[in-house]
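Colleague: Have a look at this one before I ask anything.
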Amino acid sequence: MKSQDYSVRSRSGFSMIEVLVTMAILLLGLLGLAGTMMHGHRSEAESYQRAQALVLLQDMVSRIQANRLVADCYAFTTDATAGTPYLGTSATATPACASGNATQQATAVRDMDEWSSLLTGAAEVVQGTDANTNVGAMNGARGCVTYDATTSVYQVSVSWQGLGKTSAPPDSWACAKGNYGDEKWRRVVSVTLTFAP
């Protein structure tokens with residue numbers, strides 16, 4: 001009788017060990033799944049920011065094309081190496097235009113002011129208890145437009161801070177360079193355009 005009791009107890013103890021091992025394996029699997037979900041969420045947020053940047057990029061290209069007779073007014077980024085000045089987050093540049101007639105000048109200045117507002121997220125505003133918060137753009141969004149007189153090429157760029165480090169953008173995409181700490185945080189989309197003489 002005693003040997004039978006001992007065997008029942010040893011079998012129940014073995015069952016408890018099996019349960020603990022199963023729980024540990026399940027916990028590791030759930031932790032892996034949570035990590036995968038977090039990585040997927042970050043990738044989705046990065047993709048969303050890139051899509052917003054492309055919309056803002058195309059917005060400025062369209063504005064320049066619509067007012068192409070004074071396209072030189074839009075080339076406010078005079079230092080193509082440092083990517084300054086820029087519009088958007090913490091911008092200090094004041095848009096100005098001296099080419100064309102008064103209507104073209106006013107349109108160019110309005111376009112740049114509106115683009116700067118869009119870069120700071122003015123397209124979507126969250127009502128807060130103290131103030132409204134702009135949330136319609138990427139983290140630290142900044143925009144640049146440069147002009148290369150030797151090639152007659154305009155370059156429109158939008159930069160922002162990513163959610164994780166990747167490789168640094170190429171030197172030719174210098175928009176707001178040095179404004180995000182490590183260059184591996186900076187994301188840039190850029191397009192060039194030329195106009196027939």
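Convention: chains lettered A, B, ... in structure tokens order; per-chain residue numbering from 1; ligands numbered from 1 as shown.
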Stretch 149-156 of chain A: which residues within 6 Å, counting only C-alpha atoms, same-chain residues fewer than 2 positions away excluded, as a PyMOL selection string?

Modeller: chain A and resi 144-147+190-194

Colleague: Write the residues of the preceding selection, restricted to C-alpha atoms, as a CSV table (one decimal), in the first residue's frame.

Modeller:
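Output below, filename out.csv:
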chain,number,residue,atom,x,y,z
A,144,CYS,CA,14.3,72.4,-47.9
A,145,VAL,CA,14.4,73.7,-51.5
A,146,THR,CA,17.7,74.2,-53.1
A,147,TYR,CA,18.8,75.4,-56.5
A,190,SER,CA,14.0,64.1,-51.9
A,191,VAL,CA,13.1,64.8,-55.6
A,192,THR,CA,14.7,67.0,-58.2
A,193,LEU,CA,12.9,69.1,-60.9
A,194,THR,CA,14.0,71.2,-63.8

Colleague: Which residues in stretch 4-187 of chain A does DSSP call strand (DSSP E or B)? List them as a PyMOL selection string.

Modeller: chain A and resi 79+84+87-88+125-126+133-134+142-148+153-161+186-187

Colleague: What does the file look like for those residues with N, CA and C atoms, as a PDB file, in the first residue's frame?

Modeller:
ATOM      1  N   ASP A  79      22.308  77.092 -48.143  1.00  0.00           N
ATOM      2  CA  ASP A  79      23.479  76.282 -47.812  1.00  0.00           C
ATOM      3  C   ASP A  79      23.142  74.817 -48.073  1.00  0.00           C
ATOM      4  N   THR A  84      20.493  74.290 -44.708  1.00  0.00           N
ATOM      5  CA  THR A  84      19.879  75.412 -43.997  1.00  0.00           C
ATOM      6  C   THR A  84      19.769  76.608 -44.929  1.00  0.00           C
ATOM      7  N   LEU A  87      12.351  75.093 -43.625  1.00  0.00           N
ATOM      8  CA  LEU A  87      11.029  75.449 -43.113  1.00  0.00           C
ATOM      9  C   LEU A  87      10.509  74.287 -42.265  1.00  0.00           C
ATOM     10  N   GLY A  88       9.534  74.563 -41.422  1.00  0.00           N
ATOM     11  CA  GLY A  88       8.945  73.522 -40.588  1.00  0.00           C
ATOM     12  C   GLY A  88       9.346  73.676 -39.137  1.00  0.00           C
ATOM     13  N   VAL A 125      -5.078  68.853 -35.966  1.00  0.00           N
ATOM     14  CA  VAL A 125      -4.905  69.484 -34.659  1.00  0.00           C
ATOM     15  C   VAL A 125      -5.741  68.746 -33.626  1.00  0.00           C
ATOM     16  N   VAL A 126      -5.130  68.467 -32.477  1.00  0.00           N
ATOM     17  CA  VAL A 126      -5.841  67.849 -31.366  1.00  0.00           C
ATOM     18  C   VAL A 126      -6.189  68.947 -30.373  1.00  0.00           C
ATOM     19  N   THR A 133      -2.728  71.102 -30.180  1.00  0.00           N
ATOM     20  CA  THR A 133      -1.462  70.483 -30.532  1.00  0.00           C
ATOM     21  C   THR A 133      -1.508  70.009 -31.974  1.00  0.00           C
ATOM     22  N   ASN A 134      -0.515  70.436 -32.761  1.00  0.00           N
ATOM     23  CA  ASN A 134      -0.407  69.982 -34.145  1.00  0.00           C
ATOM     24  C   ASN A 134       0.150  68.566 -34.157  1.00  0.00           C
ATOM     25  N   ARG A 142      11.008  68.890 -41.328  1.00  0.00           N
ATOM     26  CA  ARG A 142      11.621  70.100 -41.885  1.00  0.00           C
ATOM     27  C   ARG A 142      11.681  69.943 -43.393  1.00  0.00           C
ATOM     28  N   GLY A 143      11.568  71.060 -44.100  1.00  0.00           N
ATOM     29  CA  GLY A 143      11.596  71.024 -45.557  1.00  0.00           C
ATOM     30  C   GLY A 143      12.627  71.980 -46.132  1.00  0.00           C
ATOM     31  N   CYS A 144      13.251  71.584 -47.228  1.00  0.00           N
ATOM     32  CA  CYS A 144      14.281  72.383 -47.894  1.00  0.00           C
ATOM     33  C   CYS A 144      14.018  72.421 -49.395  1.00  0.00           C
ATOM     34  N   VAL A 145      14.368  73.546 -50.009  1.00  0.00           N
ATOM     35  CA  VAL A 145      14.367  73.662 -51.469  1.00  0.00           C
ATOM     36  C   VAL A 145      15.667  74.352 -51.856  1.00  0.00           C
ATOM     37  N   THR A 146      16.481  73.646 -52.633  1.00  0.00           N
ATOM     38  CA  THR A 146      17.749  74.212 -53.093  1.00  0.00           C
ATOM     39  C   THR A 146      17.719  74.355 -54.612  1.00  0.00           C
ATOM     40  N   TYR A 147      18.624  75.202 -55.104  1.00  0.00           N
ATOM     41  CA  TYR A 147      18.752  75.393 -56.547  1.00  0.00           C
ATOM     42  C   TYR A 147      20.227  75.366 -56.907  1.00  0.00           C
ATOM     43  N   ASP A 148      20.572  74.544 -57.878  1.00  0.00           N
ATOM     44  CA  ASP A 148      21.937  74.463 -58.375  1.00  0.00           C
ATOM     45  C   ASP A 148      21.988  75.212 -59.709  1.00  0.00           C
ATOM     46  N   VAL A 153      18.921  72.775 -61.628  1.00  0.00           N
ATOM     47  CA  VAL A 153      18.101  71.752 -60.984  1.00  0.00           C
ATOM     48  C   VAL A 153      17.671  72.218 -59.593  1.00  0.00           C
ATOM     49  N   TYR A 154      16.371  72.109 -59.341  1.00  0.00           N
ATOM     50  CA  TYR A 154      15.824  72.354 -58.008  1.00  0.00           C
ATOM     51  C   TYR A 154      15.748  71.018 -57.279  1.00  0.00           C
ATOM     52  N   GLN A 155      16.043  71.034 -55.998  1.00  0.00           N
ATOM     53  CA  GLN A 155      15.897  69.829 -55.187  1.00  0.00           C
ATOM     54  C   GLN A 155      14.983  70.155 -54.012  1.00  0.00           C
ATOM     55  N   VAL A 156      13.883  69.424 -53.920  1.00  0.00           N
ATOM     56  CA  VAL A 156      12.935  69.585 -52.823  1.00  0.00           C
ATOM     57  C   VAL A 156      13.115  68.384 -51.903  1.00  0.00           C
ATOM     58  N   SER A 157      13.295  68.653 -50.607  1.00  0.00           N
ATOM     59  CA  SER A 157      13.540  67.576 -49.644  1.00  0.00           C
ATOM     60  C   SER A 157      12.693  67.776 -48.395  1.00  0.00           C
ATOM     61  N   VAL A 158      12.324  66.682 -47.784  1.00  0.00           N
ATOM     62  CA  VAL A 158      11.635  66.694 -46.492  1.00  0.00           C
ATOM     63  C   VAL A 158      12.395  65.754 -45.574  1.00  0.00           C
ATOM     64  N   SER A 159      12.740  66.241 -44.389  1.00  0.00           N
ATOM     65  CA  SER A 159      13.445  65.402 -43.418  1.00  0.00           C
ATOM     66  C   SER A 159      12.634  65.309 -42.134  1.00  0.00           C
ATOM     67  N   TRP A 160      12.859  64.245 -41.374  1.00  0.00           N
ATOM     68  CA  TRP A 160      12.188  64.057 -40.093  1.00  0.00           C
ATOM     69  C   TRP A 160      12.995  63.070 -39.264  1.00  0.00           C
ATOM     70  N   GLN A 161      12.615  62.933 -37.993  1.00  0.00           N
ATOM     71  CA  GLN A 161      13.314  62.009 -37.112  1.00  0.00           C
ATOM     72  C   GLN A 161      12.607  60.670 -37.109  1.00  0.00           C
ATOM     73  N   ARG A 186      18.015  60.566 -38.739  1.00  0.00           N
ATOM     74  CA  ARG A 186      17.411  61.448 -39.746  1.00  0.00           C
ATOM     75  C   ARG A 186      16.926  60.649 -40.949  1.00  0.00           C
ATOM     76  N   ARG A 187      15.698  60.933 -41.351  1.00  0.00           N
ATOM     77  CA  ARG A 187      15.121  60.340 -42.557  1.00  0.00           C
ATOM     78  C   ARG A 187      14.911  61.464 -43.563  1.00  0.00           C
TER      79      ARG A 187
END

Colleague: Quick one: everything within 6 Å of A:Gly83, counting only C-alpha atoms, minus sequence neighbours fewer than 5 positions away in the same chain. Send it as a PyMOL selection string.

Modeller: chain A and resi 174-177

Colleague: Would you write out those residues with N, CA and C atoms, as a short mmCIF file (atom, residue, chain, number, x, y, z; two decimals), in the first residue's frame?

Modeller:
data_model
loop_
_atom_site.label_atom_id
_atom_site.label_comp_id
_atom_site.auth_asym_id
_atom_site.auth_seq_id
_atom_site.Cartn_x
_atom_site.Cartn_y
_atom_site.Cartn_z
N ALA A 174 21.03 66.85 -47.73
CA ALA A 174 21.50 67.48 -46.50
C ALA A 174 20.44 68.24 -45.74
N CYS A 175 19.19 68.18 -46.15
CA CYS A 175 18.14 68.96 -45.51
C CYS A 175 18.13 68.77 -43.99
N ALA A 176 18.30 69.90 -43.27
CA ALA A 176 18.29 69.92 -41.79
C ALA A 176 19.32 68.99 -41.18
N LYS A 177 20.44 68.88 -41.83
CA LYS A 177 21.52 68.02 -41.35
C LYS A 177 21.98 68.49 -39.97
#

Colleague: Pull the helix (DSSP H, G or I) assignments for chain A out of DSSP run on the backbone, and list those residues as a ChimeraX atom specification.

Modeller: /A:2-66,68-74,102-119,183-185

Colleague: Which residues, written as JSON, numbers by chain, have at least one atom at most 12 Å from A:Trp185, with only C-alpha atoms counted and residues fewer than 4 positions away on the same chain left out?

Modeller: {"A": [46, 139, 140, 159, 160, 161, 162, 163, 164, 165, 166, 167, 168, 169, 176, 177, 178, 179, 180, 181]}

Colleague: Could you dump the residues just selected with C-alpha atoms as an mmCIF file, in the first residue's frame?

Modeller:
data_model
loop_
_atom_site.group_PDB
_atom_site.id
_atom_site.type_symbol
_atom_site.label_atom_id
_atom_site.label_comp_id
_atom_site.auth_asym_id
_atom_site.auth_seq_id
_atom_site.Cartn_x
_atom_site.Cartn_y
_atom_site.Cartn_z
ATOM 1 C CA GLU A 46 7.901 54.517 -39.956
ATOM 2 C CA ASN A 139 8.494 63.932 -35.810
ATOM 3 C CA GLY A 140 10.575 67.080 -36.269
ATOM 4 C CA SER A 159 13.445 65.402 -43.418
ATOM 5 C CA TRP A 160 12.188 64.057 -40.093
ATOM 6 C CA GLN A 161 13.314 62.009 -37.112
ATOM 7 C CA GLY A 162 12.811 58.280 -37.396
ATOM 8 C CA LEU A 163 11.811 55.933 -34.594
ATOM 9 C CA GLY A 164 15.082 54.005 -34.657
ATOM 10 C CA LYS A 165 18.585 54.243 -36.052
ATOM 11 C CA THR A 166 19.302 53.181 -39.631
ATOM 12 C CA SER A 167 22.026 54.227 -42.055
ATOM 13 C CA ALA A 168 22.580 57.963 -42.484
ATOM 14 C CA PRO A 169 21.110 59.628 -45.603
ATOM 15 C CA ALA A 176 18.286 69.923 -41.791
ATOM 16 C CA LYS A 177 21.522 68.022 -41.350
ATOM 17 C CA GLY A 178 22.666 67.883 -37.720
ATOM 18 C CA ASN A 179 19.250 68.655 -36.233
ATOM 19 C CA TYR A 180 18.449 65.140 -35.026
ATOM 20 C CA GLY A 181 21.555 64.312 -33.035
#

Colleague: Which residue is closest to A:Met112? Choose from A:Ala137, A:Asp72, A:Met60, A:Asn67 and count only C-alpha atoms.

Modeller: A:Met60

Colleague: Within 9 Å of A:Ala93, counting only C-alpha atoms, which residues qualify if same-chain residues fewer than 2 places away don't, as a PyMOL selection string?

Modeller: chain A and resi 76-77+84-87+91+95

Colleague: Could you state the separation of atom CA of A:Ala51 and atom CA of A:Leu118 in Å, given to one decimal place?

Modeller: 14.0 Å
